[in-house]
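K.L.:
My questions all concern the structure below.
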Amino acid sequence: ARSDDYFFGDGVCVVEWPERAPSAMPPEHLLVVLEHVGEQERRFSFQPEGSRYQALMEQLREAIDQRQGRRAGGSRPNPGTDPPSGGSA
């Protein structure tokens, strides 16, 4: 199968080590980075490329804000706790 079959099919395509072939990535994609930060802890960051994935990240931010607002009795989280607009959530 060609890479187009994977990248532009109907499903989800997960690429391990995408930094090894950045030119092979489609123009619109969502890069999910998993970082080992401790023995039992990982950090996920999301780097959207293209309008489709930027919109998806905005929806995710809104859902997180709504959930945090419910937990905090309706108040918005402190500005320092919001995910950076560059893509981490």
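Here, A, B, ... name the chains of the structure tokens in the order displayed, residue numbers run from 1 inside each chain, and ligands are numbered from 1 in the same displayed order.
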Compile the contact shell of His29 (chain A) as a compact mmCIF listing (two decimals) with C-alpha atoms, in the first residue's frame: residues with an atom at most 7 Å away, counting only C-alpha atoms, same-chain residues fewer than 2 positions apart removed.
P.N.:
# COMPACT_ATOMS: atom_id res chain seq x y z
CA PRO A 26 0.38 15.26 4.94
CA PRO A 27 -0.07 19.06 5.13
CA LEU A 31 0.99 15.60 15.89
CA PRO A 48 -2.27 20.85 15.01
CA GLU A 49 -1.32 21.51 11.40
CA GLY A 50 -4.10 22.82 9.21
CA TYR A 53 -6.98 20.06 13.39
K.L.:
Using only C-alpha atoms, which residue out of A:Glu39, A:Phe46, A:Arg2, A:Leu30 lies closest to Arg61 (chain A)?
P.N.:
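Among the listed residues, the smallest separation from Arg61 (chain A) belongs to A:Phe46.
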K.L.:
As a VMD selection string, which residues of region 34-63 of chain A does DSSP assign to alpha helix (DSSP H)?
P.N.:
chain A and resid 51 to 63
K.L.:
Do you have the CA of Glu35 (chain A)-CA of Ala63 (chain A) distance handy?
P.N.:
22.9 Å
K.L.:
Just asking: which residues within region 8-82 of chain A are strand (DSSP E or B) according to DSSP, as a VMD selection string?
P.N.:
chain A and resid 29 to 38 41 to 49
K.L.:
Show me, as a list in words, the residues that have an atom within 10 Å of Asp4 (chain A) when counting only C-alpha atoms, minus same-chain residues fewer than 4 positions from it.
P.N.:
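Result of the neighbour search: Phe8, Gly9, Ala24, Met25 and Pro26 of chain A.
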K.L.:
I'd like the contact shell of Phe44 (chain A) - 7 Å cut-off, only C-alpha atoms, skipping same-chain residues fewer than 5 positions apart - returned as a PyMOL selection string.
P.N.:
chain A and resi 32-35
K.L.:
With all heavy atoms kept, could you save the residues just selected as an mmCIF file, in the first residue's frame?
P.N.:
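As written to disk, part36.cif reads:
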data_model
loop_
_atom_site.group_PDB
_atom_site.id
_atom_site.type_symbol
_atom_site.label_atom_id
_atom_site.label_comp_id
_atom_site.auth_asym_id
_atom_site.auth_seq_id
_atom_site.Cartn_x
_atom_site.Cartn_y
_atom_site.Cartn_z
ATOM 1 N N VAL A 32 0.752 14.249 17.887
ATOM 2 C CA VAL A 32 0.572 13.979 19.309
ATOM 3 C C VAL A 32 1.926 13.520 19.837
ATOM 4 O O VAL A 32 2.463 12.523 19.380
ATOM 5 C CB VAL A 32 -0.500 12.890 19.557
ATOM 6 C CG1 VAL A 32 -0.646 12.612 21.049
ATOM 7 C CG2 VAL A 32 -1.825 13.291 18.928
ATOM 8 N N VAL A 33 2.459 14.273 20.785
ATOM 9 C CA VAL A 33 3.770 13.973 21.351
ATOM 10 C C VAL A 33 3.576 13.442 22.765
ATOM 11 O O VAL A 33 2.905 14.070 23.579
ATOM 12 C CB VAL A 33 4.665 15.230 21.372
ATOM 13 C CG1 VAL A 33 6.018 14.928 22.001
ATOM 14 C CG2 VAL A 33 4.838 15.786 19.968
ATOM 15 N N LEU A 34 4.139 12.274 23.041
ATOM 16 C CA LEU A 34 4.116 11.693 24.380
ATOM 17 C C LEU A 34 5.501 11.867 24.977
ATOM 18 O O LEU A 34 6.493 11.448 24.378
ATOM 19 C CB LEU A 34 3.776 10.201 24.331
ATOM 20 C CG LEU A 34 2.318 9.871 24.072
ATOM 21 C CD1 LEU A 34 1.966 10.072 22.619
ATOM 22 C CD2 LEU A 34 2.019 8.483 24.512
ATOM 23 N N GLU A 35 5.545 12.492 26.140
ATOM 24 C CA GLU A 35 6.821 12.771 26.793
ATOM 25 C C GLU A 35 6.870 12.031 28.126
ATOM 26 O O GLU A 35 5.930 12.088 28.924
ATOM 27 C CB GLU A 35 6.941 14.276 27.023
ATOM 28 C CG GLU A 35 8.227 14.694 27.662
ATOM 29 C CD GLU A 35 8.261 16.201 27.908
ATOM 30 O OE1 GLU A 35 7.317 16.913 27.540
ATOM 31 O OE2 GLU A 35 9.253 16.643 28.504
#
K.L.:
Take CA of Leu60 (chain A) and CA of Trp17 (chain A) and report the distance between them in Å, one decimal.
P.N.:
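Separation of CA of Leu60 (chain A) and CA of Trp17 (chain A): 24.2 Å.
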K.L.:
How many Å separate CA of Ala21 (chain A) from CA of Arg43 (chain A)?
P.N.:
22.9 Å
